[in-house]
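final31.cif, holding mmCIF, C-alpha atoms:
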data_input
loop_
_atom_site.label_atom_id
_atom_site.label_comp_id
_atom_site.auth_asym_id
_atom_site.auth_seq_id
_atom_site.Cartn_x
_atom_site.Cartn_y
_atom_site.Cartn_z
CA MET A 1 46.95 12.07 72.65
CA ALA A 2 44.59 9.93 74.63
CA VAL A 3 43.13 7.10 72.60
CA THR A 4 40.10 5.11 73.69
CA PHE A 5 39.47 1.76 72.14
CA PRO A 6 35.98 0.31 71.70
CA GLN A 7 34.96 -1.39 74.95
CA GLY A 8 33.46 -4.80 75.59
CA ASP A 9 34.39 -8.28 74.42
CA LEU A 10 34.53 -9.30 70.79
CA THR A 11 30.94 -10.49 70.30
CA THR A 12 29.36 -7.50 72.01
CA ARG A 13 31.55 -5.13 70.05
CA LEU A 14 30.71 -6.67 66.69
CA GLU A 15 27.00 -6.70 67.53
CA ARG A 16 27.17 -3.07 68.61
CA TYR A 17 28.87 -2.13 65.31
CA LEU A 18 26.23 -4.03 63.39
CA GLU A 19 23.40 -2.36 65.29
CA SER A 20 24.64 1.15 64.76
CA PHE A 21 25.40 0.54 61.07
CA GLN A 22 21.88 -0.82 60.59
CA SER A 23 20.24 2.02 62.50
CA GLN A 24 22.11 4.80 60.69
CA HIS A 25 22.56 3.53 57.13
CA GLY A 26 20.82 1.47 54.53
CA ILE A 27 22.63 -1.85 54.73
CA GLU A 28 22.03 -4.45 52.03
CA GLU A 29 23.49 -7.47 53.72
CA THR A 30 25.34 -8.30 56.92
CA GLU A 31 27.06 -11.29 58.39
CA ILE A 32 29.20 -12.02 61.44
CA GLU A 33 31.71 -14.79 60.95
CA GLY A 34 34.36 -15.39 63.59
CA ASN A 35 35.91 -12.02 64.36
CA VAL A 36 34.77 -10.47 61.09
CA LEU A 37 31.70 -8.32 60.55
CA ARG A 38 30.86 -8.17 56.88
CA VAL A 39 28.73 -5.28 55.68
CA VAL A 40 27.53 -4.70 52.11
CA VAL A 41 26.47 -1.15 51.38
CA GLU A 42 25.54 1.13 48.51
CA PRO A 43 28.62 2.73 46.91
CA GLY A 44 27.19 6.18 47.60
CA SER A 45 27.05 5.65 51.35
CA VAL A 46 30.59 4.31 51.82
CA PRO A 47 32.10 7.59 53.13
CA SER A 48 29.27 8.05 55.63
CA VAL A 49 29.47 4.43 56.82
CA LEU A 50 33.21 4.77 57.36
CA ALA A 51 32.67 8.10 59.08
CA THR A 52 30.27 6.38 61.47
CA ALA A 53 32.87 3.70 62.13
CA ARG A 54 35.61 6.25 62.77
CA GLU A 55 33.78 8.96 64.68
CA HIS A 56 30.91 7.15 66.37
CA LEU A 57 32.24 3.64 66.97
CA GLY A 58 35.89 4.60 67.46
CA ILE A 59 37.41 2.13 64.97
CA LEU A 60 40.76 3.78 64.41
CA HIS A 61 42.48 1.69 61.79
CA LEU A 62 41.88 1.23 58.07
CA SER A 63 43.92 -1.82 57.06
CA PHE A 64 43.53 -1.73 53.31
CA ILE A 65 41.32 -1.02 50.36
CA THR A 66 41.05 -3.78 47.81
CA VAL A 67 39.30 -4.08 44.49
CA VAL A 68 38.02 -7.03 42.47
CA ASP A 69 37.37 -6.61 38.78
CA TRP A 70 34.24 -8.63 37.95
CA ILE A 71 34.27 -7.47 34.29
CA GLY A 72 31.48 -4.92 34.12
CA SER A 73 31.41 -4.18 37.83
CA PHE A 74 33.97 -3.51 40.52
CA GLU A 75 33.76 -4.77 44.08
CA ILE A 76 35.55 -2.41 46.44
CA THR A 77 36.32 -3.60 49.95
CA TYR A 78 37.47 -1.53 52.92
CA GLU A 79 38.83 -3.50 55.84
CA LEU A 80 38.75 -1.82 59.23
CA LEU A 81 40.43 -3.08 62.37
CA ASP A 82 39.37 -1.96 65.85
CA LEU A 83 42.88 -2.77 67.16
CA ARG A 84 41.44 -5.27 69.63
CA GLY A 85 40.86 -8.17 67.26
CA GLY A 86 37.58 -7.16 65.66
CA VAL A 87 37.48 -6.71 61.90
CA VAL A 88 34.87 -4.82 59.90
CA ARG A 89 34.75 -5.42 56.16
CA VAL A 90 32.74 -2.88 54.20
CA LYS A 91 31.91 -3.92 50.66
CA ALA A 92 30.42 -1.91 47.82
CA THR A 93 29.84 -2.83 44.20
CA VAL A 94 30.16 -0.18 41.51
CA GLU A 95 28.66 -0.94 38.13
CA GLY A 96 30.28 0.06 34.86
CA ASP A 97 33.70 0.03 33.26
CA GLU A 98 34.82 3.35 34.71
CA PRO A 99 34.03 3.16 38.41
CA VAL A 100 33.79 6.32 40.49
CA ILE A 101 33.31 6.28 44.25
CA GLY A 102 33.60 8.91 46.97
CA THR A 103 36.89 9.32 48.79
CA VAL A 104 37.34 8.52 52.48
CA THR A 105 40.57 10.49 52.93
CA HIS A 106 38.80 12.95 55.20
CA VAL A 107 37.80 10.09 57.50
CA TYR A 108 40.93 7.95 57.39
CA PRO A 109 43.98 9.92 56.18
CA THR A 110 45.77 6.66 55.41
CA ALA A 111 43.23 6.06 52.64
CA ASN A 112 45.17 8.61 50.59
CA TRP A 113 47.77 6.11 49.44
CA HIS A 114 45.40 3.14 49.46
CA GLU A 115 43.13 4.97 47.05
CA ARG A 116 46.03 6.01 44.87
CA GLU A 117 47.02 2.35 44.68
CA ALA A 118 43.50 1.29 43.75
CA TYR A 119 43.43 3.98 41.08
CA ASP A 120 46.82 2.94 39.76
CA MET A 121 46.05 -0.76 39.53
CA PHE A 122 42.34 -0.73 38.64
CA GLY A 123 41.48 2.77 37.44
CA VAL A 124 38.96 3.30 40.22
CA ALA A 125 38.43 7.04 40.54
CA PHE A 126 37.91 8.41 44.04
CA ALA A 127 35.95 11.63 43.82
CA GLY A 128 37.30 14.30 46.15
CA HIS A 129 40.72 12.73 46.61
CA PRO A 130 43.26 15.54 47.19
CA ASP A 131 45.98 14.13 44.96
CA LEU A 132 45.00 11.20 42.74
CA ARG A 133 48.28 10.37 41.01
CA ARG A 134 49.69 6.98 40.18
CA LEU A 135 51.45 5.37 43.12
CA TYR A 136 53.43 2.44 41.71
CA MET A 137 53.50 2.69 37.98
CA TRP A 138 55.54 4.90 35.74
CA GLN A 139 53.83 8.27 35.82
CA ASP A 140 54.60 9.36 32.32
CA HIS A 141 53.21 7.53 29.36
CA PHE A 142 52.16 4.25 30.92
CA ASP A 143 48.61 4.03 29.72
CA HIS A 144 47.30 0.92 31.43
CA HIS A 145 45.78 -0.20 34.69
CA PRO A 146 47.62 -3.50 34.96
CA LEU A 147 45.37 -5.47 37.33
CA LEU A 148 42.29 -5.06 35.16
CA LYS A 149 41.07 -8.26 33.54
CA SER A 150 41.19 -6.52 30.17
CA PHE A 151 44.92 -5.83 30.50
CA GLU A 152 46.96 -8.26 28.45
CA ILE A 153 50.50 -9.14 29.28
CA THR A 154 51.46 -8.56 25.66
CA THR A 155 50.12 -5.01 25.64
CA ARG A 156 52.46 -2.39 24.30
CA ARG A 157 54.57 -1.23 27.15
CA THR A 158 56.56 1.81 28.09
CA PHE A 159 59.86 0.45 26.93
CA GLU A 160 58.68 -1.48 23.95
CA GLY A 161 60.67 0.64 21.54
CA LEU A 162 63.82 -0.13 23.48
CA ARG A 163 63.39 -3.89 23.48
CA MET B 1 108.38 -2.63 43.48
CA GLY B 2 111.28 -4.72 44.64
CA VAL B 3 113.43 -3.36 41.84
CA MET B 4 112.73 0.19 42.89
CA GLN B 5 114.35 -0.32 46.26
CA ASN B 6 117.69 -0.82 44.55
CA PHE B 7 117.61 2.72 43.19
CA ASN B 8 119.27 5.51 45.07
CA GLU B 9 117.68 8.94 44.91
CA PRO B 10 116.18 10.41 42.80
CA ASN B 11 113.56 7.72 42.24
CA ILE B 12 112.34 7.94 38.70
CA LEU B 13 109.81 5.66 37.11
CA THR B 14 109.25 5.87 33.41
CA THR B 15 105.83 4.82 32.20
CA SER B 16 103.00 6.02 30.03
CA THR B 17 100.14 8.03 31.48
CA ASP B 18 97.78 5.35 30.24
CA LYS B 19 99.47 2.74 32.38
CA LEU B 20 99.71 5.00 35.42
CA PHE B 21 96.13 6.27 35.25
CA ASN B 22 94.65 2.88 34.51
CA TRP B 23 96.71 1.28 37.26
CA ALA B 24 95.34 3.82 39.75
CA ARG B 25 91.78 3.56 38.49
CA LYS B 26 91.48 -0.19 38.34
CA ASN B 27 92.85 -0.71 41.82
CA SER B 28 90.51 1.74 43.49
CA LEU B 29 87.04 1.03 42.16
CA TRP B 30 84.49 2.42 44.55
CA PRO B 31 81.10 0.83 43.98
CA LEU B 32 77.90 2.74 44.62
CA GLN B 33 75.94 1.35 47.55
CA PHE B 34 72.94 0.45 45.47
CA GLY B 35 71.09 -2.82 45.94
CA LEU B 36 67.85 -3.60 44.15
CA ALA B 37 66.90 -7.19 44.99
CA CYS B 38 68.25 -10.55 46.08
CA CYS B 39 71.47 -10.02 44.10
CA ALA B 40 72.25 -7.28 46.59
CA ILE B 41 72.50 -9.96 49.30
CA GLU B 42 75.20 -11.69 47.28
CA MET B 43 76.87 -8.33 46.72
CA MET B 44 76.89 -7.73 50.49
CA SER B 45 78.32 -11.20 50.99
CA THR B 46 81.03 -10.38 48.44
CA GLY B 47 81.98 -7.27 50.36
CA MET B 48 82.16 -9.08 53.70
CA ALA B 49 85.14 -10.80 55.27
CA HIS B 50 84.79 -14.23 53.68
CA ASN B 51 85.15 -13.05 50.09
CA ASP B 52 86.73 -9.71 50.89
CA LEU B 53 86.20 -7.45 47.91
CA ASP B 54 88.80 -5.10 49.38
CA ARG B 55 91.52 -7.32 47.94
CA PHE B 56 90.57 -5.79 44.59
CA GLY B 57 90.21 -2.27 45.91
CA ALA B 58 86.46 -2.45 45.26
CA GLY B 59 85.20 -3.11 48.77
CA PHE B 60 84.42 0.43 49.78
CA PHE B 61 80.72 0.93 49.10
CA VAL B 62 80.01 4.65 49.05
CA GLY B 63 76.67 6.19 49.83
CA SER B 64 76.83 9.02 47.32
CA PRO B 65 76.96 8.72 43.54
CA ARG B 66 79.39 11.67 43.50
CA LEU B 67 82.07 9.49 45.06
CA ALA B 68 81.41 6.32 43.12
CA ASP B 69 83.29 4.85 40.17
CA VAL B 70 81.27 1.75 39.44
CA MET B 71 77.58 1.03 39.72
CA ILE B 72 76.66 -2.59 40.37
CA VAL B 73 73.07 -2.98 39.19
CA SER B 74 72.13 -5.85 41.46
CA GLY B 75 68.58 -6.94 40.82
CA THR B 76 65.34 -6.40 38.94
CA VAL B 77 64.97 -2.92 37.52
CA SER B 78 61.36 -1.80 37.37
CA THR B 79 60.44 0.99 34.98
CA LYS B 80 59.96 3.35 37.87
CA MET B 81 63.34 2.41 39.30
CA ALA B 82 64.89 2.93 35.86
CA GLU B 83 64.23 6.63 36.26
CA ARG B 84 66.06 6.75 39.59
CA MET B 85 68.84 4.47 38.43
CA THR B 86 69.53 6.61 35.38
CA ARG B 87 69.63 9.72 37.52
CA LEU B 88 72.13 8.08 39.90
CA TYR B 89 74.22 7.06 36.91
CA GLU B 90 74.20 10.61 35.57
CA GLN B 91 75.31 11.94 38.95
CA MET B 92 78.41 9.75 38.99
CA PRO B 93 81.58 11.54 37.84
CA GLU B 94 83.52 10.31 34.83
CA PRO B 95 85.15 7.88 34.41
CA LYS B 96 82.34 5.53 35.40
CA TRP B 97 81.49 1.93 34.77
CA VAL B 98 78.43 -0.26 35.20
CA ILE B 99 78.23 -3.94 36.09
CA ALA B 100 74.90 -5.65 35.38
CA MET B 101 74.69 -8.34 38.03
CA GLY B 102 72.33 -11.26 37.62
CA ALA B 103 69.72 -12.34 35.11
CA CYS B 104 67.28 -9.52 35.93
CA ALA B 105 69.74 -6.72 35.37
CA ILE B 106 70.87 -8.34 32.12
CA SER B 107 67.53 -9.10 30.50
CA GLY B 108 64.67 -8.89 33.00
CA GLY B 109 65.28 -12.49 34.07
CA PRO B 110 62.29 -14.51 35.26
CA PHE B 111 60.22 -11.31 35.53
CA LEU B 112 60.80 -10.36 31.92
CA ASP B 113 57.10 -10.45 31.03
CA GLY B 114 56.02 -8.30 33.96
CA TYR B 115 54.24 -5.08 33.12
CA SER B 116 56.55 -3.05 35.32
CA VAL B 117 59.90 -4.69 34.58
CA LEU B 118 62.63 -3.13 32.51
CA MET B 119 64.14 -5.75 30.25
CA GLY B 120 67.73 -5.23 31.21
CA ALA B 121 69.63 -2.29 32.65
CA ASP B 122 71.31 -1.71 29.28
CA ARG B 123 68.02 -0.36 27.95
CA VAL B 124 68.68 2.86 29.80
CA ILE B 125 72.36 3.00 30.79
CA PRO B 126 75.48 1.63 29.05
CA VAL B 127 76.71 -1.56 30.74
CA ASP B 128 80.37 -2.64 30.74
CA VAL B 129 80.31 -6.10 32.30
CA TYR B 130 77.50 -8.63 32.52
CA VAL B 131 77.62 -11.16 35.35
CA PRO B 132 75.15 -13.99 34.69
CA GLY B 133 73.52 -16.02 37.44
CA CYS B 134 70.36 -15.99 39.51
CA PRO B 135 71.83 -14.69 41.70
CA PRO B 136 75.52 -14.95 40.81
CA ARG B 137 77.82 -16.35 43.47
CA PRO B 138 80.27 -13.94 45.08
CA GLU B 139 83.04 -15.56 43.07
CA ALA B 140 81.17 -14.63 39.89
CA LEU B 141 80.88 -11.00 40.98
CA ILE B 142 84.58 -10.98 41.83
CA PHE B 143 85.28 -12.38 38.39
CA GLY B 144 83.13 -9.60 36.93
CA ILE B 145 85.11 -6.99 38.79
CA MET B 146 88.38 -8.56 37.62
CA THR B 147 87.03 -8.47 34.07
CA LEU B 148 86.20 -4.80 34.53
CA GLN B 149 89.74 -4.22 35.78
CA LYS B 150 91.10 -5.84 32.63
CA LYS B 151 88.85 -3.60 30.59
CA ILE B 152 90.06 -0.52 32.42
CA GLU B 153 93.66 -1.62 31.80
CA ARG B 154 93.07 -1.37 28.06
CA ASP B 155 91.63 2.14 28.35
CA GLN B 156 93.36 5.09 26.68
CA GLN B 157 93.55 8.66 27.88
CA VAL B 158 94.67 10.21 24.57
CA GLY B 159 93.37 9.48 21.11
CA TYR B 160 90.54 7.60 22.69
CA GLU B 161 87.86 6.34 20.41
CA ARG B 162 84.75 5.05 22.08
CA PRO B 163 83.99 1.50 21.09
CA ARG B 164 80.83 1.47 19.04
CA PRO B 165 78.48 -1.44 18.53
CA ALA B 166 79.00 -2.90 15.08
CA LEU B 167 78.35 -5.92 12.93
CA VAL B 168 81.69 -7.60 12.15
CA ASP B 169 82.75 -10.33 9.76
CA ASP B 170 84.85 -13.37 10.67
CA GLU B 171 88.16 -11.50 10.45
CA GLY B 172 86.91 -8.75 12.73
CA GLY B 173 86.42 -6.18 9.99
CA VAL B 174 83.59 -3.74 10.54
CA MET B 175 80.69 -4.37 8.20
CA GLU B 176 78.25 -1.86 9.59
CA TYR B 177 78.03 0.36 12.62
CA LEU B 178 74.83 0.00 14.58
CA PRO B 179 72.89 3.11 15.58
CA GLU B 180 73.72 4.64 18.94
CA ARG B 181 71.08 4.23 21.56
CA GLU B 182 69.43 7.34 22.89
CA TYR B 183 69.57 7.55 26.65
CA GLN B 184 68.28 11.09 27.05
CA GLY B 185 65.51 12.21 29.33
CA ILE B 186 64.74 8.97 31.12
CA SER B 187 66.12 10.27 34.40
CA GLU B 188 63.67 13.15 34.10
CA GLY B 189 60.80 10.68 34.16
CA LYS B 190 60.10 11.00 30.45
CA ALA B 191 59.78 7.86 28.41
CA LEU B 192 60.43 7.94 24.70
CA ARG B 193 57.37 8.83 22.65
CA PHE B 194 56.29 6.30 20.09
CA GLU B 195 53.84 6.87 17.35
CA GLY B 196 50.44 5.31 17.76
CA VAL B 197 50.48 5.05 21.54
CA LYS B 198 47.41 6.74 22.93
CA PRO B 199 47.53 8.77 26.13
CA LEU B 200 45.86 7.41 29.25
CA ALA B 201 42.15 7.11 28.59
CA ARG B 202 41.10 7.71 32.15
CA THR B 203 42.86 10.49 33.98
CA TYR B 204 40.81 12.09 36.68
CA VAL B 205 41.39 15.57 37.97
CA PHE B 206 39.00 16.61 40.70
CA GLU B 207 38.55 20.12 41.95
CA ARG B 208 39.41 20.38 45.61
CA GLU B 209 37.20 22.48 47.84
CA GLY B 210 39.21 24.43 50.36
CA MET B 211 42.26 23.12 52.15
CA PRO B 212 42.78 19.44 52.89
CA PRO B 213 41.76 18.37 56.39
CA LYS B 214 44.10 19.15 59.26
CA SER B 215 45.11 15.54 59.65
CA GLN B 216 46.64 15.66 56.16
CA THR B 217 48.51 18.90 56.61
CA ASP B 218 49.82 18.09 60.07
CA VAL B 219 53.54 18.87 60.16
CA GLY B 220 54.18 16.53 63.07
CA TRP B 221 56.66 17.26 65.82
CA ILE B 222 58.26 20.70 65.95
CA PRO B 223 60.88 21.99 68.38
CA ALA B 224 59.61 23.76 71.50
CA GLU B 225 61.09 27.15 70.54
CA ALA B 226 59.57 27.05 67.09
CA ARG B 227 56.24 26.04 68.59
CA LYS B 228 56.40 29.02 70.97
CA LYS B 229 57.20 31.34 68.10
CA LEU B 230 54.33 29.98 66.00
CA LYS B 231 51.97 30.38 68.96
CA GLU B 232 53.00 34.01 69.38
CA GLN B 233 52.54 34.59 65.67
CA ALA B 234 49.07 33.07 65.74
CA LYS B 235 48.22 35.19 68.79
CA ALA B 236 49.40 38.38 67.07
CA GLU B 237 47.42 37.52 63.94
CA LYS B 238 44.32 36.81 65.97
CA ALA B 239 44.70 40.10 67.85
CA ALA B 240 45.14 41.97 64.57
CA THR B 241 42.03 40.45 63.04
CA GLU B 242 40.02 41.15 66.18
CA LYS B 243 41.21 44.74 66.19
CA ALA B 244 40.30 45.13 62.53
CA ALA B 245 36.87 43.62 63.18
CA ALA B 246 36.32 45.97 66.12
CA GLU B 247 37.31 48.99 64.01
CA ASP B 248 34.98 47.83 61.26
CA ALA B 249 32.15 47.51 63.74
CA GLU B 250 32.91 50.99 65.13
CA SER B 251 32.99 52.61 61.72
CA SER B 252 29.81 50.86 60.63
CA GLY B 253 28.18 51.94 63.89
CA LYS B 254 29.20 55.52 63.15
CA ASP B 255 27.80 55.20 59.67
CA ASN B 256 24.54 54.01 61.13
CA GLU B 257 24.44 56.94 63.54
CA GLU B 258 25.16 59.39 60.76
CA ALA B 259 22.43 57.84 58.65
#
Kindly return the structure encoded in the file as structure tokens.
Amino acid sequence: MAVTFPQGDLTTRLERYLESFQSQHGIEETEIEGNVLRVVVEPGSVPSVLATAREHLGILHLSFITVVDWIGSFEITYELLDLRGGVVRVKATVEGDEPVIGTVTHVYPTANWHEREAYDMFGVAFAGHPDLRRLYMWQDHFDHHPLLKSFEITTRRTFEGLR
Amino acid sequence: MGVMQNFNEPNILTTSTDKLFNWARKNSLWPLQFGLACCAIEMMSTGMAHNDLDRFGAGFFVGSPRLADVMIVSGTVSTKMAERMTRLYEQMPEPKWVIAMGACAISGGPFLDGYSVLMGADRVIPVDVYVPGCPPRPEALIFGIMTLQKKIERDQQVGYERPRPALVDDEGGVMEYLPEREYQGISEGKALRFEGVKPLARTYVFEREGMPPKSQTDVGWIPAEARKKLKEQAKAEKAATEKAAAEDAESSGKDNEEA
């Protein structure tokens, strides 16, 4: 399969990404710092922003999805890498204790496991995910999302009765 | 064996089956090749030339639980690994033994408070020998294996009564037998159910529309012949559907004419 990387040097590439994000989506806040383009978007437009990055701009690689629990709201970050040194960080904040956000598995297939991880650790639900099971934790009868701030280390655990 | 050479034929050795069986078993302990964490590095070092576990007949690490006699649990056991570990243990043929190597396998070690850590391998499988250390030196593991050999030596084939955990007084008399631990079902991924533990509050099941995208159902590389066959199949299917469509169109056209 022939793969074409985004052309131009780092600054031009990042500026081009920024321009096309701004022209096609409602962007709340942007910033270029070093080789990183930071973009803050509405949670509803995350799949379309990532689709633009993948299809239109040719950014092929989703590095990771990470979540921060701000107690009451969740900040979800997608980091994209254009495989030539440029990094695009897409941030969205979801309000509420039970966050739901659209899946990006149809854009980046690798998001499948990343989203399962985010669900497992933080309870973030990804609407439209083909198979949203726990990735790391015990599937049966472990009723916590351990990286939430509300999770206590002394919480009753799976094997408590065997201790 | 030196005495035996003085015999002329027939060579007869009188012993009990216990002694014979235990002698054979203890000198050919095949460990399961099963490393979990940093203790596994020490286990590898024990098996290598410098410490040479083969001197004790225990240096042959087998890749299948069906061939193994002893499982060395070398490292932290997470709850998810507990499921797999128990299944491996169940697949081993009797007689089988377990060595818990290192602090983590004994009690959870430094990770004891972790949300995913099993507090000791003996929560889910019966352990024969505990080797303390973090990680234990190869000498310690060798000592553990020698201890296991001594334990096997005392084993009985007939009239065997399983040792049961008990509270004993100073003279060794049994005061009270402790309840047997239930080990059932953990290898099937089912934890024990306790009263008062609520099910997961947030479990999401989304309806999927249609098939997943092609990128997710891609089977990857297939042999050239199989690819050719699949292509022919697809072609035949396509032809069939086209033919059916054409017939449909014809019949509907006729209907129209008749009308």
**Message:** Please list as a list of chain:residue names every residue within 9 Å of B:Ile145, counting only C-alpha atoms and excluding residues in the same chain fewer than 5 positions away.
**Reply:**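 The residues satisfying every condition are B:Leu29, B:Phe56, B:Ala58, B:Ile99, B:Val129, B:Ala140, B:Lys150.
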**Item:** Selection result of the PyMOL selection byres ((chain A and resi 37-44) around 6) on this file, as number ranges by chain
**Value:** A: 27-32, 36, 45-46, 88-92
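Coordinates place atom CA of A:Leu14 at a distance of 13.8 Å from atom CA of A:His56.
Among B:Gly75, B:Gly144, B:Pro93, B:Pro138, the residue with the shortest atom-to-atom distance to B:Met44, counting all atoms listed in the file, is B:Pro138.
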**Request:** Enumerate, as a list in words, the residues matched when the PyMOL selection byres ((chain A and resi 77) around 9) is run on the file above.
**Result:**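 That selection, the PyMOL selection byres ((chain A and resi 77) around 9), comes back as Phe64, Ile65, Thr66, Val67, Val68, Glu75, Ile76, Tyr78, Glu79, Arg89, Val90, Lys91, Ala92 and Thr93 of chain A.
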Take the residues from that selection and write them out as a compact mmCIF listing (two decimals), keeping the file's coordinate frame, keeping C-alpha atoms.
# COMPACT_ATOMS: atom_id res chain seq x y z
CA PHE A 64 43.53 -1.73 53.31
CA ILE A 65 41.32 -1.02 50.36
CA THR A 66 41.05 -3.78 47.81
CA VAL A 67 39.30 -4.08 44.49
CA VAL A 68 38.02 -7.03 42.47
CA GLU A 75 33.76 -4.77 44.08
CA ILE A 76 35.55 -2.41 46.44
CA TYR A 78 37.47 -1.53 52.92
CA GLU A 79 38.83 -3.50 55.84
CA ARG A 89 34.75 -5.42 56.16
CA VAL A 90 32.74 -2.88 54.20
CA LYS A 91 31.91 -3.92 50.66
CA ALA A 92 30.42 -1.91 47.82
CA THR A 93 29.84 -2.83 44.20
Please expand the PyMOL selection byres ((chain A and resi 145) around 9) into the concrete residues it hits in this file, giving the result as a short mmCIF file (atom, residue, chain, number, x, y, z; two decimals) with C-alpha atoms, in the coordinates of the input.
data_model
loop_
_atom_site.label_atom_id
_atom_site.label_comp_id
_atom_site.auth_asym_id
_atom_site.auth_seq_id
_atom_site.Cartn_x
_atom_site.Cartn_y
_atom_site.Cartn_z
CA TYR A 119 43.43 3.98 41.08
CA ASP A 120 46.82 2.94 39.76
CA MET A 121 46.05 -0.76 39.53
CA PHE A 122 42.34 -0.73 38.64
CA GLY A 123 41.48 2.77 37.44
CA MET A 137 53.50 2.69 37.98
CA PHE A 142 52.16 4.25 30.92
CA ASP A 143 48.61 4.03 29.72
CA HIS A 144 47.30 0.92 31.43
CA PRO A 146 47.62 -3.50 34.96
CA LEU A 147 45.37 -5.47 37.33
CA LEU A 148 42.29 -5.06 35.16
CA PHE A 151 44.92 -5.83 30.50
#
**Prompt:** So which residues touch A:Gln24 within 10 Å, counting all atoms listed in the file, skipping near sequence neighbours fewer than 3 positions away, as JSON, numbers by chain?
**Reply:** {"A": [19, 20, 21, 27, 48, 49, 52]}
**Request:** Would you mind telling me which residue in A:Asn112, A:Gln22, A:Ser150, A:Asn35 lies nearest to chain B when using all atoms listed in the file?
**Result:**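 Closest residue, counting all atoms listed in the file: A:Asn112.
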Step by step, gather every atom of stretch 38-57 of chain A that the file lists, find the box along x, y and z that holds them, add 5 Å on each side, and finally give centre and edge lengths in Å to one decimal, as AutoDock Vina command-line options.
--center_x 30.6 --center_y 0.4 --center_z 56.9 --size_x 20.1 --size_y 27.1 --size_z 30.1
**Request:** Between atom CA of B:Asn27 and atom CA of B:Gly57, measure the distance and give it in Å to one decimal.
**Result:**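 About the pair atom CA of B:Asn27 and atom CA of B:Gly57: they are 5.1 Å apart.
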**Message:** If I take atom CA of B:Asn22 and atom CA of B:Asp54, how far is one from the other in Å, to one decimal?
**Reply:** 17.9 Å
Complete stretch 105-117 of chain B with N, CA and C atoms (output as a compact mmCIF listing (two decimals), in the coordinates of the input).
# COMPACT_ATOMS: atom_id res chain seq x y z
N ALA B 105 69.11 -7.94 35.84
CA ALA B 105 69.74 -6.72 35.37
C ALA B 105 70.22 -6.87 33.93
N ILE B 106 70.43 -8.12 33.49
CA ILE B 106 70.87 -8.34 32.12
C ILE B 106 69.70 -8.27 31.15
N SER B 107 68.60 -8.99 31.49
CA SER B 107 67.53 -9.10 30.50
C SER B 107 66.12 -8.98 31.08
N GLY B 108 65.99 -8.82 32.38
CA GLY B 108 64.67 -8.89 33.00
C GLY B 108 64.48 -10.21 33.72
N GLY B 109 65.26 -11.21 33.36
CA GLY B 109 65.28 -12.49 34.07
C GLY B 109 63.92 -13.17 34.09
N PRO B 110 63.57 -13.81 35.19
CA PRO B 110 62.29 -14.51 35.26
C PRO B 110 61.09 -13.55 35.23
N PHE B 111 61.33 -12.28 35.48
CA PHE B 111 60.22 -11.31 35.53
C PHE B 111 60.07 -10.55 34.23
N LEU B 112 60.72 -11.04 33.20
CA LEU B 112 60.80 -10.36 31.92
C LEU B 112 59.46 -9.96 31.32
N ASP B 113 58.41 -10.75 31.60
CA ASP B 113 57.10 -10.45 31.03
C ASP B 113 56.27 -9.51 31.89
N GLY B 114 56.79 -9.14 33.06
CA GLY B 114 56.02 -8.30 33.96
C GLY B 114 55.74 -6.93 33.36
N TYR B 115 54.60 -6.37 33.70
CA TYR B 115 54.24 -5.08 33.12
C TYR B 115 55.10 -3.93 33.63
N SER B 116 55.79 -4.15 34.74
CA SER B 116 56.55 -3.05 35.32
C SER B 116 58.05 -3.26 35.22
N VAL B 117 58.48 -4.32 34.53
CA VAL B 117 59.90 -4.69 34.58
C VAL B 117 60.64 -4.20 33.35
